[in-house]
Each structure stands twice: as structure tokens, then as C-alpha cells.
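Text of entry-v7.pdb, listed as PDB, C-alpha atoms and all ligand atoms:
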```pdb
ATOM      1  CA  MET A   1     105.767 114.599 123.234
ATOM      2  CA  GLN A   2     108.208 117.219 121.898
ATOM      3  CA  SER A   3     108.516 117.105 118.128
ATOM      4  CA  GLN A   4     112.156 118.317 117.859
ATOM      5  CA  ARG A   5     114.465 115.465 118.843
ATOM      6  CA  THR A   6     117.932 114.080 118.172
ATOM      7  CA  VAL A   7     118.466 110.784 116.375
ATOM      8  CA  GLU A   8     121.601 108.681 116.011
ATOM      9  CA  LEU A   9     122.469 106.643 112.937
ATOM     10  CA  VAL A  10     122.649 102.952 113.833
ATOM     11  CA  GLU A  11     123.424 101.592 110.373
ATOM     12  CA  ALA A  12     123.345 102.473 106.695
ATOM     13  CA  LYS A  13     123.265 100.099 103.757
ATOM     14  CA  ALA A  14     122.942 100.400  99.990
ATOM     15  CA  LEU A  15     119.588  99.281  98.564
ATOM     16  CA  SER A  16     120.642 100.036  94.968
ATOM     17  CA  SER A  17     123.371 102.046  93.237
ATOM     18  CA  GLY A  18     121.665 105.351  94.091
ATOM     19  CA  VAL A  19     119.607 104.598  97.214
ATOM     20  CA  LYS A  20     120.693 103.981 100.789
ATOM     21  CA  ALA A  21     118.604 102.794 103.740
ATOM     22  CA  PHE A  22     119.315 104.247 107.185
ATOM     23  CA  VAL A  23     118.277 102.892 110.572
ATOM     24  CA  PHE A  24     118.101 105.586 113.263
ATOM     25  CA  ARG A  25     117.393 105.435 116.982
ATOM     26  CA  MET A  26     116.013 108.193 119.183
ATOM     27  CA  LEU A  27     118.942 109.405 121.265
ATOM     28  CA  ASP A  28     116.753 109.845 124.371
ATOM     29  CA  GLY A  29     115.623 106.198 124.056
ATOM     30  CA  ALA A  30     111.927 107.171 124.161
ATOM     31  CA  PRO A  31     109.560 105.797 121.494
ATOM     32  CA  LEU A  32     108.864 107.681 118.283
ATOM     33  CA  ASP A  33     105.083 107.891 118.154
ATOM     34  CA  TYR A  34     103.964 107.875 114.510
ATOM     35  CA  ALA A  35     101.598 106.267 112.024
ATOM     36  CA  ALA A  36     102.796 104.291 109.013
ATOM     37  CA  GLY A  37     102.985 106.725 106.078
ATOM     38  CA  GLN A  38     104.167 109.776 108.042
ATOM     39  CA  TRP A  39     107.440 111.653 107.540
ATOM     40  CA  LEU A  40     110.068 113.534 109.536
ATOM     41  CA  ASN A  41     112.034 116.707 108.827
ATOM     42  CA  PHE A  42     115.789 116.178 109.045
ATOM     43  CA  ASP A  43     118.140 119.102 109.705
ATOM     44  CA  VAL A  44     121.070 117.895 107.637
ATOM     45  CA  ALA A  45     124.504 119.509 108.034
ATOM     46  CA  THR A  46     125.874 120.307 104.575
ATOM     47  CA  GLU A  47     128.781 122.377 103.254
ATOM     48  CA  ALA A  48     126.282 125.183 102.628
ATOM     49  CA  GLY A  49     124.846 125.045 106.160
ATOM     50  CA  VAL A  50     121.908 123.162 107.643
ATOM     51  CA  ALA A  51     119.373 121.962 105.048
ATOM     52  CA  ARG A  52     115.924 120.922 106.301
ATOM     53  CA  ARG A  53     114.444 118.106 104.203
ATOM     54  CA  ALA A  54     111.512 115.719 104.650
ATOM     55  CA  TYR A  55     111.929 111.920 104.577
ATOM     56  CA  SER A  56     109.165 109.341 104.789
ATOM     57  CA  ILE A  57     109.518 106.793 107.535
ATOM     58  CA  ALA A  58     110.036 103.520 105.660
ATOM     59  CA  SER A  59     109.272 101.159 108.548
ATOM     60  CA  ALA A  60     106.129 100.506 110.583
ATOM     61  CA  PRO A  61     106.180 101.276 114.310
ATOM     62  CA  ASP A  62     108.003  98.287 115.834
ATOM     63  CA  PRO A  63     106.770  97.229 119.292
ATOM     64  CA  GLU A  64     110.156  95.550 119.958
ATOM     65  CA  HIS A  65     112.165  98.659 119.039
ATOM     66  CA  PRO A  66     109.773 101.626 119.466
ATOM     67  CA  ASP A  67     112.745 104.035 119.525
ATOM     68  CA  ARG A  68     113.955 103.000 116.039
ATOM     69  CA  PHE A  69     112.866 103.741 112.499
ATOM     70  CA  GLU A  70     114.186 103.477 108.963
ATOM     71  CA  ILE A  71     114.343 105.822 105.977
ATOM     72  CA  ALA A  72     115.633 105.351 102.418
ATOM     73  CA  VAL A  73     117.217 108.220 100.511
ATOM     74  CA  THR A  74     117.758 108.666  96.772
ATOM     75  CA  ARG A  75     121.099 110.319  96.088
ATOM     76  CA  VAL A  76     120.120 113.288  93.900
ATOM     77  CA  GLU A  77     123.219 113.637  91.720
ATOM     78  CA  GLU A  78     122.117 116.809  89.927
ATOM     79  CA  GLY A  79     121.837 119.669  92.396
ATOM     80  CA  GLY A  80     121.362 117.459  95.456
ATOM     81  CA  VAL A  81     122.463 118.851  98.821
ATOM     82  CA  ALA A  82     120.964 117.017 101.810
ATOM     83  CA  SER A  83     120.676 113.675 100.013
ATOM     84  CA  ILE A  84     124.402 113.752  99.184
ATOM     85  CA  ALA A  85     125.310 114.635 102.796
ATOM     86  CA  LEU A  86     123.069 111.851 104.146
ATOM     87  CA  HIS A  87     124.734 109.305 101.879
ATOM     88  CA  GLU A  88     128.092 110.221 103.459
ATOM     89  CA  LEU A  89     126.900 109.682 107.063
ATOM     90  CA  ALA A  90     128.654 107.106 109.235
ATOM     91  CA  ALA A  91     127.167 105.121 112.117
ATOM     92  CA  GLY A  92     127.011 107.215 115.276
ATOM     93  CA  ALA A  93     126.217 110.468 113.419
ATOM     94  CA  ARG A  94     123.578 112.616 115.138
ATOM     95  CA  ILE A  95     120.855 114.685 113.453
ATOM     96  CA  GLU A  96     117.995 116.872 114.667
ATOM     97  CA  VAL A  97     114.612 115.722 113.419
ATOM     98  CA  ASP A  98     111.194 117.286 113.669
ATOM     99  CA  GLY A  99     107.895 115.449 113.479
ATOM    100  CA  PRO A 100     106.221 113.151 112.719
ATOM    101  CA  HIS A 101     104.157 115.004 110.120
ATOM    102  CA  GLY A 102     101.714 114.191 107.371
ATOM    103  CA  PHE A 103      98.345 112.737 106.534
ATOM    104  CA  PHE A 104      99.434 110.135 103.987
ATOM    105  CA  THR A 105      98.254 107.397 106.311
ATOM    106  CA  ARG A 106      95.601 104.712 106.324
ATOM    107  CA  GLU A 107      92.719 105.793 108.521
ATOM    108  CA  ASP A 108      90.729 103.048 110.274
ATOM    109  CA  ALA A 109      87.815 103.333 107.837
ATOM    110  CA  ALA A 110      90.117 103.044 104.806
ATOM    111  CA  ARG A 111      91.937 100.050 106.299
ATOM    112  CA  ALA A 112      88.757  98.047 105.985
ATOM    113  CA  LEU A 113      88.665  98.645 102.208
ATOM    114  CA  PRO A 114      90.853  97.386  99.355
ATOM    115  CA  ALA A 115      93.769  99.625  98.378
ATOM    116  CA  LEU A 116      96.018 100.135  95.378
ATOM    117  CA  LEU A 117      99.404 101.610  96.310
ATOM    118  CA  VAL A 118     101.304 103.276  93.461
ATOM    119  CA  ALA A 119     104.948 104.253  93.918
ATOM    120  CA  THR A 120     108.089 105.067  92.015
ATOM    121  CA  GLY A 121     111.615 105.002  93.466
ATOM    122  CA  THR A 122     111.843 105.895  97.153
ATOM    123  CA  GLY A 123     108.145 106.765  96.951
ATOM    124  CA  VAL A 124     107.743 103.148  98.012
ATOM    125  CA  CYS A 125     108.974 104.026 101.538
ATOM    126  CA  PRO A 126     105.650 105.025 103.134
ATOM    127  CA  MET A 127     103.997 102.077 101.374
ATOM    128  CA  ARG A 128     106.550  99.699 102.847
ATOM    129  CA  ALA A 129     105.676 101.062 106.290
ATOM    130  CA  MET A 130     101.929 100.640 105.602
ATOM    131  CA  LEU A 131     102.416  97.092 104.319
ATOM    132  CA  GLN A 132     104.658  96.061 107.218
ATOM    133  CA  ASP A 133     101.980  97.375 109.530
ATOM    134  CA  GLU A 134      98.874  95.942 107.854
ATOM    135  CA  LEU A 135     100.226  92.579 106.718
ATOM    136  CA  ARG A 136     100.759  91.669 110.370
ATOM    137  CA  ASN A 137      97.059  90.810 110.098
ATOM    138  CA  ALA A 138      96.549  87.834 107.826
ATOM    139  CA  GLU A 139      92.885  88.789 107.499
ATOM    140  CA  GLY A 140      91.825  91.966 105.742
ATOM    141  CA  PRO A 141      91.021  93.542 102.388
ATOM    142  CA  PRO A 142      93.331  93.063  99.385
ATOM    143  CA  LEU A 143      96.352  95.367  99.060
ATOM    144  CA  ARG A 144      98.074  95.791  95.699
ATOM    145  CA  LEU A 145     101.391  97.536  95.133
ATOM    146  CA  LEU A 146     102.217  98.898  91.684
ATOM    147  CA  PHE A 147     105.908  99.802  91.845
ATOM    148  CA  GLY A 148     107.648 101.630  89.006
ATOM    149  CA  CYS A 149     111.420 101.366  88.744
ATOM    150  CA  ARG A 150     113.983 101.953  86.043
ATOM    151  CA  SER A 151     115.572  98.487  85.981
ATOM    152  CA  GLU A 152     115.537  95.297  88.051
ATOM    153  CA  ALA A 153     118.518  96.583  90.054
ATOM    154  CA  ASP A 154     116.356  99.518  91.213
ATOM    155  CA  VAL A 155     113.541  97.461  92.774
ATOM    156  CA  LEU A 156     113.954  98.573  96.383
ATOM    157  CA  PHE A 157     113.082  96.108  99.183
ATOM    158  CA  ARG A 158     112.576  93.476  96.469
ATOM    159  CA  SER A 159     113.114  90.305  98.509
ATOM    160  CA  GLU A 160     110.859  91.537 101.306
ATOM    161  CA  LEU A 161     108.081  92.568  98.902
ATOM    162  CA  GLU A 162     108.317  89.255  97.028
ATOM    163  CA  ALA A 163     108.224  87.304 100.288
ATOM    164  CA  TRP A 164     105.020  89.112 101.326
ATOM    165  CA  ALA A 165     103.479  88.432  97.916
ATOM    166  CA  ALA A 166     104.366  84.750  98.256
ATOM    167  CA  THR A 167     103.033  84.345 101.788
ATOM    168  CA  SER A 168     100.117  86.764 102.130
ATOM    169  CA  PRO A 169      96.968  86.080 100.095
ATOM    170  CA  ARG A 170      96.016  89.732 100.807
ATOM    171  CA  PHE A 171      99.000  91.217  98.992
ATOM    172  CA  SER A 172     100.043  91.315  95.353
ATOM    173  CA  LEU A 173     103.129  92.971  93.882
ATOM    174  CA  HIS A 174     103.198  94.459  90.370
ATOM    175  CA  VAL A 175     106.601  95.804  89.358
ATOM    176  CA  THR A 176     106.864  97.756  86.114
ATOM    177  CA  LEU A 177     110.236  98.680  84.613
ATOM    178  CA  SER A 178     110.828 101.685  82.358
ATOM    179  CA  ARG A 179     114.183 100.295  81.153
ATOM    180  CA  PRO A 180     113.872  96.515  81.478
ATOM    181  CA  GLY A 181     116.593  94.091  80.509
ATOM    182  CA  GLU A 182     115.869  91.491  77.821
ATOM    183  CA  ALA A 183     115.144  88.754  80.366
ATOM    184  CA  TRP A 184     112.396  90.742  82.128
ATOM    185  CA  THR A 185     108.987  89.115  81.677
ATOM    186  CA  GLY A 186     106.994  91.450  83.954
ATOM    187  CA  LEU A 187     105.223  94.743  83.282
ATOM    188  CA  ARG A 188     106.932  97.443  81.216
ATOM    189  CA  GLY A 189     106.599 101.215  81.004
ATOM    190  CA  TYR A 190     105.386 103.867  83.418
ATOM    191  CA  VAL A 191     103.031 103.124  86.306
ATOM    192  CA  GLN A 192     100.128 105.205  84.925
ATOM    193  CA  ARG A 193      99.821 102.786  82.012
ATOM    194  CA  HIS A 194      99.017  99.880  84.355
ATOM    195  CA  VAL A 195      96.695 101.578  86.831
ATOM    196  CA  PRO A 196      93.430 100.763  84.948
ATOM    197  CA  SER A 197      94.145  97.035  84.738
ATOM    198  CA  LEU A 198      94.829  96.849  88.475
ATOM    199  CA  ILE A 199      91.547  98.413  89.473
ATOM    200  CA  ASP A 200      88.603  96.088  89.896
ATOM    201  CA  PRO A 201      85.564  98.265  89.046
ATOM    202  CA  ALA A 202      83.363  96.134  91.318
ATOM    203  CA  ALA A 203      85.499  96.886  94.378
ATOM    204  CA  LYS A 204      86.962 100.303  93.700
ATOM    205  CA  PRO A 205      90.035 100.571  95.929
ATOM    206  CA  HIS A 206      91.313 103.687  97.624
ATOM    207  CA  VAL A 207      94.464 104.692  95.756
ATOM    208  CA  TYR A 208      97.655 105.914  97.466
ATOM    209  CA  ILE A 209     100.298 107.514  95.233
ATOM    210  CA  CYS A 210     103.817 108.546  96.229
ATOM    211  CA  GLY A 211     106.803 109.809  94.246
ATOM    212  CA  LEU A 212     107.800 112.754  92.086
ATOM    213  CA  THR A 213     105.116 115.264  91.030
ATOM    214  CA  LYS A 214     105.133 114.313  87.354
ATOM    215  CA  MET A 215     104.115 110.732  88.124
ATOM    216  CA  VAL A 216     101.629 111.677  90.850
ATOM    217  CA  THR A 217      99.894 114.146  88.493
ATOM    218  CA  GLU A 218      99.680 111.570  85.693
ATOM    219  CA  VAL A 219      98.229 108.837  87.932
ATOM    220  CA  ARG A 220      95.684 111.265  89.414
ATOM    221  CA  ARG A 221      94.672 112.284  85.883
ATOM    222  CA  VAL A 222      94.109 108.665  84.822
ATOM    223  CA  LEU A 223      92.062 107.990  87.955
ATOM    224  CA  LYS A 224      89.861 111.075  87.596
ATOM    225  CA  ASP A 225      89.513 111.472  83.818
ATOM    226  CA  ASP A 226      89.655 107.863  82.629
ATOM    227  CA  LEU A 227      88.250 105.938  85.599
ATOM    228  CA  GLY A 228      85.842 108.514  87.067
ATOM    229  CA  TYR A 229      87.431 108.518  90.501
ATOM    230  CA  ASP A 230      86.235 110.830  93.240
ATOM    231  CA  ARG A 231      89.232 112.704  94.641
ATOM    232  CA  LYS A 232      88.272 111.670  98.173
ATOM    233  CA  MET A 233      89.449 108.172  97.227
ATOM    234  CA  ILE A 234      92.836 109.374  95.989
ATOM    235  CA  HIS A 235      95.638 110.050  98.490
ATOM    236  CA  SER A 236      99.004 111.346  97.387
ATOM    237  CA  GLU A 237     102.414 112.474  98.618
ATOM    238  CA  ARG A 238     104.806 114.413  96.392
ATOM    239  CA  TYR A 239     108.557 114.403  96.954
ATOM    240  CA  ASP A 240     109.479 117.467  94.836
TER     241      ASP A 240
HETATM  242  C1  LIG B 301     106.821 114.618 102.451
HETATM  243  C2  LIG B 301     108.134 114.286 101.744
HETATM  244  C3  LIG B 301     108.732 113.049 101.971
HETATM  245  C4  LIG B 301     109.918 112.724 101.316
HETATM  246  N1  LIG B 301     110.462 111.494 101.503
HETATM  247  C5  LIG B 301     111.590 111.142 100.843
HETATM  248  C6  LIG B 301     112.136 109.829 100.991
HETATM  249  O1  LIG B 301     111.625 108.988 101.734
HETATM  250  N2  LIG B 301     113.267 109.528 100.296
HETATM  251  C7  LIG B 301     113.880 110.443  99.449
HETATM  252  O2  LIG B 301     114.917 110.112  98.847
HETATM  253  N3  LIG B 301     113.367 111.691  99.292
HETATM  254  C8  LIG B 301     112.264 112.064  99.971
HETATM  255  N4  LIG B 301     111.758 113.337  99.842
HETATM  256  C9  LIG B 301     112.550 114.326  99.077
HETATM  257  C10 LIG B 301     113.579 114.996 100.038
HETATM  258  O3  LIG B 301     112.894 115.798 100.984
HETATM  259  C11 LIG B 301     114.566 115.906  99.308
HETATM  260  O4  LIG B 301     113.844 116.805  98.500
HETATM  261  C12 LIG B 301     115.531 115.123  98.442
HETATM  262  O5  LIG B 301     116.331 114.241  99.242
HETATM  263  C13 LIG B 301     116.468 116.083  97.686
HETATM  264  O6  LIG B 301     117.111 116.889  98.632
HETATM  265  P1  LIG B 301     118.516 117.548  98.270
HETATM  266  O7  LIG B 301     118.840 118.569  99.316
HETATM  267  O8  LIG B 301     119.565 116.505  98.018
HETATM  268  O9  LIG B 301     118.258 118.246  96.882
HETATM  269  P2  LIG B 301     117.495 119.664  96.639
HETATM  270  O10 LIG B 301     118.558 120.695  96.462
HETATM  271  O11 LIG B 301     116.471 119.909  97.680
HETATM  272  O12 LIG B 301     116.775 119.327  95.295
HETATM  273  C14 LIG B 301     117.446 119.018  94.092
HETATM  274  C15 LIG B 301     116.443 118.532  93.055
HETATM  275  O13 LIG B 301     116.059 117.174  93.334
HETATM  276  C16 LIG B 301     114.679 116.985  93.144
HETATM  277  N5  LIG B 301     114.287 115.797  93.931
HETATM  278  C17 LIG B 301     113.747 115.726  95.166
HETATM  279  N6  LIG B 301     113.559 114.451  95.561
HETATM  280  C18 LIG B 301     113.999 113.687  94.551
HETATM  281  C19 LIG B 301     114.063 112.289  94.368
HETATM  282  N7  LIG B 301     113.627 111.415  95.290
HETATM  283  N8  LIG B 301     114.582 111.844  93.185
HETATM  284  C20 LIG B 301     115.025 112.697  92.248
HETATM  285  N9  LIG B 301     114.983 114.049  92.371
HETATM  286  C21 LIG B 301     114.468 114.528  93.499
HETATM  287  C22 LIG B 301     114.121 118.312  93.587
HETATM  288  O14 LIG B 301     112.844 118.537  93.036
HETATM  289  C23 LIG B 301     115.134 119.305  93.027
HETATM  290  O15 LIG B 301     114.847 119.604  91.681
HETATM  291  C24 LIG B 301     110.553 113.680 100.464
HETATM  292  C25 LIG B 301     109.952 114.931 100.264
HETATM  293  C26 LIG B 301     108.764 115.220 100.888
HETATM  294  C27 LIG B 301     108.137 116.582 100.644
END
```
Could you render the structure as C-alpha cells?
Amino acid sequence: MQSQRTVELVEAKALSSGVKAFVFRMLDGAPLDYAAGQWLNFDVATEAGVARRAYSIASAPDPEHPDRFEIAVTRVEEGGVASIALHELAAGARIEVDGPHGFFTREDAARALPALLVATGTGVCPMRAMLQDELRNAEGPPLRLLFGCRSEADVLFRSELEAWAATSPRFSLHVTLSRPGEAWTGLRGYVQRHVPSLIDPAAKPHVYICGLTKMVTEVRRVLKDDLGYDRKMIHSERYD
């Protein structure tokens, strides 16, 4: 299958004040063959020319619509180029994409083991794809998502994540807010602070981390230095 293809925007919707979700379809109608957790390069037309940027696929392969996929993009206000142009796209817009790429996926062997997923912001996108994929099976090892956001309004895919937590005994959701409102009764502060309490030493989970480098580095440090993790059990994707 050729990796350079054209996609058409089907719909865009705001997930929060700074993040939009986009549903694309392959213009040739053929399936996009990918694994949950992978990403695509988008050649985005901007005022300064074409900017190639990577975006994680935020949806699991869908047998009913194998030619469709979703992404979610943070609008980078300071110095952003492609993210700003993507936020302006209207339905019907066409873009060249290249991929899928990446190894931030759940191999068969790892799928049989418990996992802790740690994300901030749109770093939750590949995790959403993994969860959509794996929670189709009611049976399986426990999956925990530790999701760091600024405020309650920034909890992307909140209703979907909460519905999974309510219906799947395999899945638990742990949202931590760095700038919570007074009414917030959940976790507070950065994700790295809560990693130790979410790891059961008796059943050490594989850990998947996705977001900006500063957070990824901090979580990896806690896992290695404080919890004695082997790096083979840590999987990460950095957005910057
Ligand atoms: C494998 C991979 C997957 C990615 N998946 C996604 C995704 O699913 N959703 C998404 O929004 N972005 C994702 N990114 C980041 C994306 O590729 C762009 O870097 C981002 O959209 C900024 O592009 P820009 O042209 O607007 O700004 P640029 O001019 O490229 O960068 C401006 C500044 O923004 C910083 N930056 C990059 N990403 C972010 C961010 N999310 N929040 C705040 N600052 C940021 C950069 O480090 C830089 O300092 C991914 C990056 C990689 C490498």
C-alpha cells in the first residue's frame, strides 16, 4: 500500500477552547491500514508554504469505516504554523498525508499485561485509539489512564473516557488538574506526582507516556530512578 495519500476533511469540532478534533476519509476510499498508537505526517498548506507535521491517529481502526480516522490538534498560539492552519480547515478540504508511522503501539505480548497510560493534552490521542481498540474485549488485563490537564474544561474526550470507566471493569480513569477549580475533588498537580500510587508493585504494568518532552522526561525519571523500572517496560512518544 502506498504511504503517500490524499485525505478529505469530513468534519471538525471543538473539543476544548484550544483543541479541535478532525475526522478525515481517504479520498481513494481504500482502507487506512494502521495500528492503534501510530501517527501520520500531514503536509499542511500555510501562508509560509507547506509544513509537514506529525499527528497521532486518535481513533482505533474501525471495521465499519476502514477509510476513516480521527486526529485532535492543539492550537499552538505562540509560534504555531500548521496547527493554526489546521484549525481553519473547512469540511471538504484535502491534504496529503504520509504514513502510518511509529512504534508507540501495543504489541501482542504487551496486550496480555497490565498497562498504565500517562498523557497530557493531545498526548491522550494515541491512548484513546489504544483504549477504543482494546476495550472492545471485555476480558483482559487492567488498563489505567492517568490524564493530566490544566482545568476541567481541558479534559479531552471526557464523556467517552468516563463512560468506559463506568462500564468496563478493566479500565480506570485518573484525571489530574494543574489548575483545578474549587469544586474539583479529583487529583491535583502534574502527572509525575501520581505515577507511583498508580503502579501496583506486584503486577508492574508496562507504561506508555505521550505528550510534551518535559513531561515525558519527568515521568521516565520517576519510573527509572524512584521505581526501579527497566526501560524496556517504558514506551514513550514526544510531541515536541
Ligand atoms: C509523533 C508525533 C505525533 C504528534 N501528534 C500530535 C497530535 O496528535 N496532536 C497535536 O496537537 N500535536 C501533535 N504533534 C505535534 C505536531 O506535530 C506539531 O508539532 C504541532 O501541531 C505544532 O505545529 P505548528 O506548525 O503549529 O508549530 P511549530 O512551528 O512546529 O512549533 C511551535 C512550537 O510548539 C511546540 N509544540 C508542539 N506541539 C505542541 C503541543 N501539542 N502543545 C504545545 N506546544 C507544542 C513546538 O515544540 C514549538 O516550540 C505530534 C508530534 C509528533 C512528533
Run through the PyMOL selection byres (((not hetatm)) within 6 of (chain B and resi 301)) on the given coordinates and return the selected residues as an mmCIF file with C-alpha atoms, in the frame of the given file.
```cif
data_model
loop_
_atom_site.group_PDB
_atom_site.id
_atom_site.type_symbol
_atom_site.label_atom_id
_atom_site.label_comp_id
_atom_site.auth_asym_id
_atom_site.auth_seq_id
_atom_site.Cartn_x
_atom_site.Cartn_y
_atom_site.Cartn_z
ATOM 1 C CA TRP A 39 107.440 111.653 107.540
ATOM 2 C CA ARG A 53 114.444 118.106 104.203
ATOM 3 C CA ALA A 54 111.512 115.719 104.650
ATOM 4 C CA TYR A 55 111.929 111.920 104.577
ATOM 5 C CA SER A 56 109.165 109.341 104.789
ATOM 6 C CA ILE A 71 114.343 105.822 105.977
ATOM 7 C CA ALA A 72 115.633 105.351 102.418
ATOM 8 C CA VAL A 73 117.217 108.220 100.511
ATOM 9 C CA THR A 74 117.758 108.666 96.772
ATOM 10 C CA VAL A 76 120.120 113.288 93.900
ATOM 11 C CA GLY A 79 121.837 119.669 92.396
ATOM 12 C CA GLY A 80 121.362 117.459 95.456
ATOM 13 C CA VAL A 81 122.463 118.851 98.821
ATOM 14 C CA ALA A 82 120.964 117.017 101.810
ATOM 15 C CA SER A 83 120.676 113.675 100.013
ATOM 16 C CA ILE A 84 124.402 113.752 99.184
ATOM 17 C CA THR A 122 111.843 105.895 97.153
ATOM 18 C CA CYS A 125 108.974 104.026 101.538
ATOM 19 C CA ARG A 238 104.806 114.413 96.392
ATOM 20 C CA TYR A 239 108.557 114.403 96.954
ATOM 21 C CA ASP A 240 109.479 117.467 94.836
#
```
| field | Top pick for closest residue to A:Lys224, considering A:Val207, A:Ala163, A:Leu143, A:Ala183 and counting only C-alpha atoms | value |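 The shortest atom-to-atom distance to A:Lys224 comes from A:Val207.
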| query | For A:Val19, which residue among A:Pro201, A:Gly123, A:Gly92, A:Gly49 is the nearest when counting only C-alpha atoms? | reply |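 So, comparing all the options, the nearest one is A:Gly123.
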| message | Would you compute the distance between atom CA of A:Met233 and atom CA of A:Leu173? Give it in Å to one decimal. | response | 20.7 Å
| request: Using the chain letters and numbering of this document, enumerate as a PyMOL selection string the residues selected by the PyMOL selection byres (((chain A and resi 26) around 9) and not hetatm). | output: chain A and resi 5-8+24-25+27-32+67-69
Rebuild all heavy atoms on stretch 48-56 of chain A, as a PDB file, keeping the file's coordinate frame?
```
ATOM      1  N   ALA A  48     126.930 123.874 102.751  1.00  0.00           N
ATOM      2  CA  ALA A  48     126.282 125.183 102.628  1.00  0.00           C
ATOM      3  C   ALA A  48     125.466 125.539 103.873  1.00  0.00           C
ATOM      4  O   ALA A  48     124.689 126.481 103.843  1.00  0.00           O
ATOM      5  CB  ALA A  48     125.394 125.181 101.393  1.00  0.00           C
ATOM      6  N   GLY A  49     125.628 124.780 104.945  1.00  0.00           N
ATOM      7  CA  GLY A  49     124.846 125.045 106.160  1.00  0.00           C
ATOM      8  C   GLY A  49     123.819 123.946 106.375  1.00  0.00           C
ATOM      9  O   GLY A  49     123.851 122.919 105.700  1.00  0.00           O
ATOM     10  N   VAL A  50     122.900 124.193 107.321  1.00  0.00           N
ATOM     11  CA  VAL A  50     121.908 123.162 107.643  1.00  0.00           C
ATOM     12  C   VAL A  50     120.776 123.208 106.611  1.00  0.00           C
ATOM     13  O   VAL A  50     120.207 124.271 106.357  1.00  0.00           O
ATOM     14  CB  VAL A  50     121.345 123.374 109.064  1.00  0.00           C
ATOM     15  CG1 VAL A  50     120.193 122.404 109.333  1.00  0.00           C
ATOM     16  CG2 VAL A  50     122.452 123.187 110.096  1.00  0.00           C
ATOM     17  N   ALA A  51     120.473 122.051 106.022  1.00  0.00           N
ATOM     18  CA  ALA A  51     119.373 121.962 105.048  1.00  0.00           C
ATOM     19  C   ALA A  51     118.274 121.114 105.669  1.00  0.00           C
ATOM     20  O   ALA A  51     118.517 119.982 106.093  1.00  0.00           O
ATOM     21  CB  ALA A  51     119.868 121.314 103.764  1.00  0.00           C
ATOM     22  N   ARG A  52     117.060 121.682 105.751  1.00  0.00           N
ATOM     23  CA  ARG A  52     115.924 120.922 106.301  1.00  0.00           C
ATOM     24  C   ARG A  52     115.195 120.214 105.166  1.00  0.00           C
ATOM     25  O   ARG A  52     114.724 120.863 104.233  1.00  0.00           O
ATOM     26  CB  ARG A  52     114.987 121.871 107.052  1.00  0.00           C
ATOM     27  CG  ARG A  52     113.732 121.183 107.543  1.00  0.00           C
ATOM     28  CD  ARG A  52     112.958 122.005 108.549  1.00  0.00           C
ATOM     29  NE  ARG A  52     113.554 121.916 109.873  1.00  0.00           N
ATOM     30  CZ  ARG A  52     112.867 122.028 111.013  1.00  0.00           C
ATOM     31  NH1 ARG A  52     111.581 122.247 110.985  1.00  0.00           N
ATOM     32  NH2 ARG A  52     113.482 121.943 112.181  1.00  0.00           N
ATOM     33  N   ARG A  53     115.119 118.899 105.244  1.00  0.00           N
ATOM     34  CA  ARG A  53     114.444 118.106 104.203  1.00  0.00           C
ATOM     35  C   ARG A  53     113.550 117.056 104.854  1.00  0.00           C
ATOM     36  O   ARG A  53     113.863 116.536 105.929  1.00  0.00           O
ATOM     37  CB  ARG A  53     115.456 117.362 103.325  1.00  0.00           C
ATOM     38  CG  ARG A  53     116.409 118.254 102.552  1.00  0.00           C
ATOM     39  CD  ARG A  53     115.750 118.946 101.374  1.00  0.00           C
ATOM     40  NE  ARG A  53     116.736 119.680 100.584  1.00  0.00           N
ATOM     41  CZ  ARG A  53     117.144 120.931 100.836  1.00  0.00           C
ATOM     42  NH1 ARG A  53     116.641 121.613 101.863  1.00  0.00           N
ATOM     43  NH2 ARG A  53     118.050 121.505 100.048  1.00  0.00           N
ATOM     44  N   ALA A  54     112.464 116.719 104.146  1.00  0.00           N
ATOM     45  CA  ALA A  54     111.512 115.719 104.650  1.00  0.00           C
ATOM     46  C   ALA A  54     111.889 114.332 104.143  1.00  0.00           C
ATOM     47  O   ALA A  54     112.278 114.175 102.979  1.00  0.00           O
ATOM     48  CB  ALA A  54     110.115 116.075 104.143  1.00  0.00           C
ATOM     49  N   TYR A  55     111.757 113.312 105.006  1.00  0.00           N
ATOM     50  CA  TYR A  55     111.929 111.920 104.577  1.00  0.00           C
ATOM     51  C   TYR A  55     110.835 111.062 105.185  1.00  0.00           C
ATOM     52  O   TYR A  55     110.572 111.130 106.395  1.00  0.00           O
ATOM     53  CB  TYR A  55     113.334 111.398 104.942  1.00  0.00           C
ATOM     54  CG  TYR A  55     114.379 112.123 104.132  1.00  0.00           C
ATOM     55  CD1 TYR A  55     115.061 113.226 104.659  1.00  0.00           C
ATOM     56  CD2 TYR A  55     114.619 111.767 102.803  1.00  0.00           C
ATOM     57  CE1 TYR A  55     115.964 113.947 103.882  1.00  0.00           C
ATOM     58  CE2 TYR A  55     115.519 112.489 102.017  1.00  0.00           C
ATOM     59  CZ  TYR A  55     116.178 113.572 102.568  1.00  0.00           C
ATOM     60  OH  TYR A  55     117.059 114.294 101.788  1.00  0.00           O
ATOM     61  N   SER A  56     110.211 110.255 104.331  1.00  0.00           N
ATOM     62  CA  SER A  56     109.165 109.341 104.789  1.00  0.00           C
ATOM     63  C   SER A  56     109.773 108.269 105.676  1.00  0.00           C
ATOM     64  O   SER A  56     110.856 107.758 105.376  1.00  0.00           O
ATOM     65  CB  SER A  56     108.512 108.639 103.597  1.00  0.00           C
ATOM     66  OG  SER A  56     107.934 109.570 102.730  1.00  0.00           O
TER      67      SER A  56
END
```
